[in-house]
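A short worksheet on the structure shown next.
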Amino acid sequence: MKRPVAAVSLLTAAVLTCLTSCSATPRAAASPARQQTPAERLSTLMVTAADLGTGYSVRSFDPAGGKSVFARSPWEITGSVCTPLAAMTHQLPLGRPLAALSRVVAPREAPGTRIYVTLATYAEGGAVTAMDSLLADAMQSCSLGFTVQAHGKSEQYYPYEPEETPTVGDEALAYRGLVTPESGTPRPVRTTVVRHGDVIAVCTAVGGARIASPELLTPVLAAQDAKLG
């Protein structure tokens, strides 16, 4: 008895389909792109000599790397609600960031002056808390000056006062003062703190005859703000 031609054709098609598709090895699913770590992200956001142009050098800086550092973390500084201000003077980040990174900028036109830039990134809401609680409280309470301690040594911050804040980032604060280490030489400082989303940038100018000029920080602030914006 002959099999119907249509049935044979359907059976042949099914066999061919299985031979071509059933035996094929499934493709592996594409692996998702690796996300940047918080530290890697900061390295792409940090200002560089190329961003600043001629007249500036930029080098790596470890705020906890030297043997004679005042403190290696903000938690080693004690004394008052003003300790966040002292921490930032030593390039230590506010609060508990996911990662932090520091650089030191030397402007050729202001010998003896160093501008430290510290970036810190936080979990959601952490940067706002650091700015609006830790730093704002310190700014309100410490404008008359203060003293802090770390490892048995003290530093006096007097005078220490807020100054006009530049219009940068989502929010910003600025202040200046004179820091006198125990049995040491007073050094002038000027600091501007800027928040962009979950990243806080701290720019602090230390020492040098031109430290009194607020324009000293302007080019560095502008370049760093552009990277963060």
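Ligands are numbered from 1 in the order shown, residues from 1 within each chain, and chains are lettered A, B, ... in the order they appear in the structure tokens.
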
Selection: 9 Å around segment 125-127 of chain A, only C-alpha atoms, excl. self and same-chain fewer than 3 positions, as a PDB file with N, CA and C atoms, in the first residue's frame:
ATOM      1  N   LEU A  94      34.397  63.282  54.067  1.00  0.00           N
ATOM      2  CA  LEU A  94      33.300  63.352  55.026  1.00  0.00           C
ATOM      3  C   LEU A  94      32.615  61.997  55.169  1.00  0.00           C
ATOM      4  N   GLY A  95      32.213  61.665  56.378  1.00  0.00           N
ATOM      5  CA  GLY A  95      31.366  60.496  56.592  1.00  0.00           C
ATOM      6  C   GLY A  95      32.002  59.193  56.168  1.00  0.00           C
ATOM      7  N   ARG A  96      31.156  58.306  55.572  1.00  0.00           N
ATOM      8  CA  ARG A  96      31.602  56.963  55.185  1.00  0.00           C
ATOM      9  C   ARG A  96      31.348  56.744  53.692  1.00  0.00           C
ATOM     10  N   PRO A  97      32.281  57.191  52.850  1.00  0.00           N
ATOM     11  CA  PRO A  97      32.090  57.033  51.407  1.00  0.00           C
ATOM     12  C   PRO A  97      32.365  55.601  50.956  1.00  0.00           C
ATOM     13  N   ALA A 120      34.954  61.959  46.740  1.00  0.00           N
ATOM     14  CA  ALA A 120      34.388  60.817  47.471  1.00  0.00           C
ATOM     15  C   ALA A 120      33.014  60.513  46.904  1.00  0.00           C
ATOM     16  N   THR A 121      32.715  59.230  46.714  1.00  0.00           N
ATOM     17  CA  THR A 121      31.405  58.822  46.234  1.00  0.00           C
ATOM     18  C   THR A 121      30.707  57.993  47.299  1.00  0.00           C
ATOM     19  N   TYR A 122      29.384  58.133  47.362  1.00  0.00           N
ATOM     20  CA  TYR A 122      28.598  57.583  48.465  1.00  0.00           C
ATOM     21  C   TYR A 122      27.447  56.731  47.948  1.00  0.00           C
ATOM     22  N   ALA A 130      26.082  63.814  54.297  1.00  0.00           N
ATOM     23  CA  ALA A 130      27.394  64.339  54.658  1.00  0.00           C
ATOM     24  C   ALA A 130      27.441  65.861  54.541  1.00  0.00           C
ATOM     25  N   MET A 131      26.838  66.393  53.481  1.00  0.00           N
ATOM     26  CA  MET A 131      26.845  67.841  53.288  1.00  0.00           C
ATOM     27  C   MET A 131      25.902  68.551  54.240  1.00  0.00           C
ATOM     28  N   ASP A 132      24.663  68.057  54.327  1.00  0.00           N
ATOM     29  CA  ASP A 132      23.618  68.790  55.040  1.00  0.00           C
ATOM     30  C   ASP A 132      23.638  68.558  56.548  1.00  0.00           C
ATOM     31  N   ARG A 195      28.973  69.400  45.991  1.00  0.00           N
ATOM     32  CA  ARG A 195      28.324  68.094  45.781  1.00  0.00           C
ATOM     33  C   ARG A 195      27.690  68.045  44.401  1.00  0.00           C
ATOM     34  N   HIS A 196      27.988  66.976  43.674  1.00  0.00           N
ATOM     35  CA  HIS A 196      27.326  66.649  42.412  1.00  0.00           C
ATOM     36  C   HIS A 196      26.681  65.281  42.591  1.00  0.00           C
ATOM     37  N   GLY A 197      25.379  65.230  42.796  1.00  0.00           N
ATOM     38  CA  GLY A 197      24.727  63.941  42.988  1.00  0.00           C
ATOM     39  C   GLY A 197      25.294  63.210  44.175  1.00  0.00           C
ATOM     40  N   ASP A 198      25.864  62.011  43.934  1.00  0.00           N
ATOM     41  CA  ASP A 198      26.405  61.217  45.030  1.00  0.00           C
ATOM     42  C   ASP A 198      27.911  61.364  45.171  1.00  0.00           C
ATOM     43  N   VAL A 199      28.489  62.400  44.545  1.00  0.00           N
ATOM     44  CA  VAL A 199      29.928  62.659  44.638  1.00  0.00           C
ATOM     45  C   VAL A 199      30.173  64.010  45.297  1.00  0.00           C
ATOM     46  N   ILE A 200      31.085  64.037  46.258  1.00  0.00           N
ATOM     47  CA  ILE A 200      31.495  65.284  46.911  1.00  0.00           C
ATOM     48  C   ILE A 200      32.943  65.570  46.535  1.00  0.00           C
TER      49      ILE A 200
END

Once DSSP has gone over the backbone, tell me which residues of segment 18-194 of chain A are in alpha helix (DSSP H), as a PyMOL selection string. chain A and resi 38-45+49-52+83-89+126-129+136-141

Please produce a file of the residues just selected, as a PDB file, in the first residue's frame, where the atoms kept are C-alpha atoms.
ATOM      1  CA  PRO A  38      33.367  53.255  42.860  1.00  0.00           C
ATOM      2  CA  ALA A  39      37.153  53.753  42.862  1.00  0.00           C
ATOM      3  CA  GLU A  40      37.364  53.334  39.072  1.00  0.00           C
ATOM      4  CA  ARG A  41      34.559  55.809  38.602  1.00  0.00           C
ATOM      5  CA  LEU A  42      36.360  58.430  40.690  1.00  0.00           C
ATOM      6  CA  SER A  43      39.537  57.979  38.666  1.00  0.00           C
ATOM      7  CA  THR A  44      37.618  58.984  35.530  1.00  0.00           C
ATOM      8  CA  LEU A  45      36.083  62.003  37.284  1.00  0.00           C
ATOM      9  CA  ALA A  49      46.757  68.332  34.208  1.00  0.00           C
ATOM     10  CA  ALA A  50      45.217  68.127  30.713  1.00  0.00           C
ATOM     11  CA  ASP A  51      41.960  69.548  32.105  1.00  0.00           C
ATOM     12  CA  LEU A  52      43.803  72.474  33.703  1.00  0.00           C
ATOM     13  CA  THR A  83      35.996  67.747  63.331  1.00  0.00           C
ATOM     14  CA  PRO A  84      34.590  67.399  59.751  1.00  0.00           C
ATOM     15  CA  LEU A  85      36.237  70.732  58.906  1.00  0.00           C
ATOM     16  CA  ALA A  86      39.556  69.516  60.259  1.00  0.00           C
ATOM     17  CA  ALA A  87      39.205  66.224  58.398  1.00  0.00           C
ATOM     18  CA  MET A  88      38.778  67.997  55.083  1.00  0.00           C
ATOM     19  CA  THR A  89      41.774  70.223  55.790  1.00  0.00           C
ATOM     20  CA  GLY A 126      25.011  59.480  51.734  1.00  0.00           C
ATOM     21  CA  ALA A 127      26.459  62.538  50.024  1.00  0.00           C
ATOM     22  CA  VAL A 128      23.437  64.681  50.924  1.00  0.00           C
ATOM     23  CA  THR A 129      23.671  63.566  54.554  1.00  0.00           C
ATOM     24  CA  ALA A 136      26.503  72.235  57.610  1.00  0.00           C
ATOM     25  CA  ASP A 137      26.371  71.657  61.377  1.00  0.00           C
ATOM     26  CA  ALA A 138      30.107  72.196  61.640  1.00  0.00           C
ATOM     27  CA  MET A 139      29.955  75.383  59.600  1.00  0.00           C
ATOM     28  CA  GLN A 140      27.225  76.848  61.813  1.00  0.00           C
ATOM     29  CA  SER A 141      28.944  75.924  65.069  1.00  0.00           C
TER      30      SER A 141
END

To one decimal in Å, tell me the separation between atom CA of Glu124 of chain A and atom CA of Ser60 of chain A.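 It comes out at 27.3 Å.
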
Please produce, as a tab-separated table, a per-residue contact table for segment 18-132 of chain A versus segment 187-190 of chain A (criterion: any atom at most 10 Å away, only C-alpha atoms considered), showing the nearest atom pair and its distance in Å to one decimal, sorted by chain then residue number.
residue	atom	partner	partner_atom	distance
A:Thr89	CA	A:Val189	CA	7.7
A:Thr113	CA	A:Val189	CA	9.9
A:Arg114	CA	A:Val189	CA	9.9
A:Ile115	CA	A:Arg190	CA	9.2

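Closest approach to Gln224 of chain A from the set A:His90, A:Arg103, A:Arg34, A:Arg72 is made by A:Arg103, with distances taken over only C-alpha atoms.
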
Nearest-residue call for Val148 of chain A, choices A:Pro162, A:Gly79, A:Gly66, A:Gly229, using only C-alpha atoms: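 Checking each candidate against Val148 of chain A, we get A:Gly79 as the closest.
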
Pick out the residues sitting within 12 Å of Phe70 of chain A, and hand them over as a count of residues only; count only C-alpha atoms, and ignore anything fewer than 2 positions along from it in its own chain. 30

So which bits of segment 116-159 of chain A end up strand (DSSP E or B) when you DSSP the backbone, as a list of chain:residue names?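 So the strand (DSSP E or B) residues in segment 116-159 of chain A would be A:Tyr116, A:Val117, A:Thr118, A:Leu119, A:Ala120, A:Thr121, A:Phe146, A:Thr147, A:Val148, A:Gln149, A:Ala150, A:Lys153, A:Ser154, A:Glu155, A:Gln156, A:Tyr157, A:Tyr158, A:Pro159.
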
Which of these residues is nearest to Lys227 of chain A, using only C-alpha atoms: A:Leu134, A:Leu144, A:Val47, A:Ala123? A:Val47

Would you mind telling me which residue in A:Ser102, A:Thr118, A:Thr37, A:Thr180 lies nearest to Ala201 of chain A when using only C-alpha atoms? A:Thr118

Do a neighbour search on Gly53 of chain A at 12 Å with only C-alpha atoms, toss out local chain neighbours closer than 3 positions, and write the hits as a list in words. Val47, Thr48, Ala49, Ala50, Tyr56, Ser57, Val58, Val105, Pro107, Arg108, Pro219, Val220 and Ala223 of chain A

Separation of atom CA of Ala205 of chain A from atom CA of Leu217 of chain A in Å: 6.9 Å

Counting only C-alpha atoms, what is within 8 Å of Val202 of chain A, bar same-chain residues fewer than 6 positions away, as a VMD selection string? chain A and resid 88 91 116 to 119 191 to 194

Mind dumping the selected residues with N, CA, C and O atoms as a PDB file, in the first residue's frame?
ATOM      1  N   MET A  88      38.624  67.567  56.468  1.00  0.00           N
ATOM      2  CA  MET A  88      38.778  67.997  55.083  1.00  0.00           C
ATOM      3  C   MET A  88      40.050  68.797  54.867  1.00  0.00           C
ATOM      4  O   MET A  88      40.639  68.760  53.786  1.00  0.00           O
ATOM      5  N   GLN A  91      42.497  66.444  53.866  1.00  0.00           N
ATOM      6  CA  GLN A  91      42.107  65.691  52.684  1.00  0.00           C
ATOM      7  C   GLN A  91      41.453  64.347  53.018  1.00  0.00           C
ATOM      8  O   GLN A  91      41.537  63.379  52.262  1.00  0.00           O
ATOM      9  N   TYR A 116      44.768  70.807  47.107  1.00  0.00           N
ATOM     10  CA  TYR A 116      44.410  69.393  47.233  1.00  0.00           C
ATOM     11  C   TYR A 116      42.974  69.199  46.769  1.00  0.00           C
ATOM     12  O   TYR A 116      42.084  69.963  47.138  1.00  0.00           O
ATOM     13  N   VAL A 117      42.773  68.186  45.954  1.00  0.00           N
ATOM     14  CA  VAL A 117      41.437  67.839  45.472  1.00  0.00           C
ATOM     15  C   VAL A 117      41.122  66.423  45.949  1.00  0.00           C
ATOM     16  O   VAL A 117      41.873  65.487  45.658  1.00  0.00           O
ATOM     17  N   THR A 118      40.037  66.278  46.685  1.00  0.00           N
ATOM     18  CA  THR A 118      39.604  64.960  47.151  1.00  0.00           C
ATOM     19  C   THR A 118      38.180  64.717  46.681  1.00  0.00           C
ATOM     20  O   THR A 118      37.287  65.523  46.927  1.00  0.00           O
ATOM     21  N   LEU A 119      37.981  63.604  45.969  1.00  0.00           N
ATOM     22  CA  LEU A 119      36.651  63.176  45.541  1.00  0.00           C
ATOM     23  C   LEU A 119      36.223  61.987  46.387  1.00  0.00           C
ATOM     24  O   LEU A 119      37.023  61.110  46.694  1.00  0.00           O
ATOM     25  N   THR A 191      39.013  76.517  51.557  1.00  0.00           N
ATOM     26  CA  THR A 191      38.372  75.274  51.125  1.00  0.00           C
ATOM     27  C   THR A 191      37.015  75.560  50.491  1.00  0.00           C
ATOM     28  O   THR A 191      36.254  76.385  50.994  1.00  0.00           O
ATOM     29  N   THR A 192      36.722  74.847  49.419  1.00  0.00           N
ATOM     30  CA  THR A 192      35.391  74.848  48.819  1.00  0.00           C
ATOM     31  C   THR A 192      34.946  73.392  48.662  1.00  0.00           C
ATOM     32  O   THR A 192      35.708  72.555  48.164  1.00  0.00           O
ATOM     33  N   VAL A 193      33.730  73.111  49.097  1.00  0.00           N
ATOM     34  CA  VAL A 193      33.167  71.764  49.037  1.00  0.00           C
ATOM     35  C   VAL A 193      31.960  71.801  48.107  1.00  0.00           C
ATOM     36  O   VAL A 193      31.060  72.623  48.278  1.00  0.00           O
ATOM     37  N   VAL A 194      31.937  70.900  47.121  1.00  0.00           N
ATOM     38  CA  VAL A 194      30.880  70.887  46.119  1.00  0.00           C
ATOM     39  C   VAL A 194      30.303  69.472  46.018  1.00  0.00           C
ATOM     40  O   VAL A 194      31.051  68.497  45.945  1.00  0.00           O
TER      41      VAL A 194
END
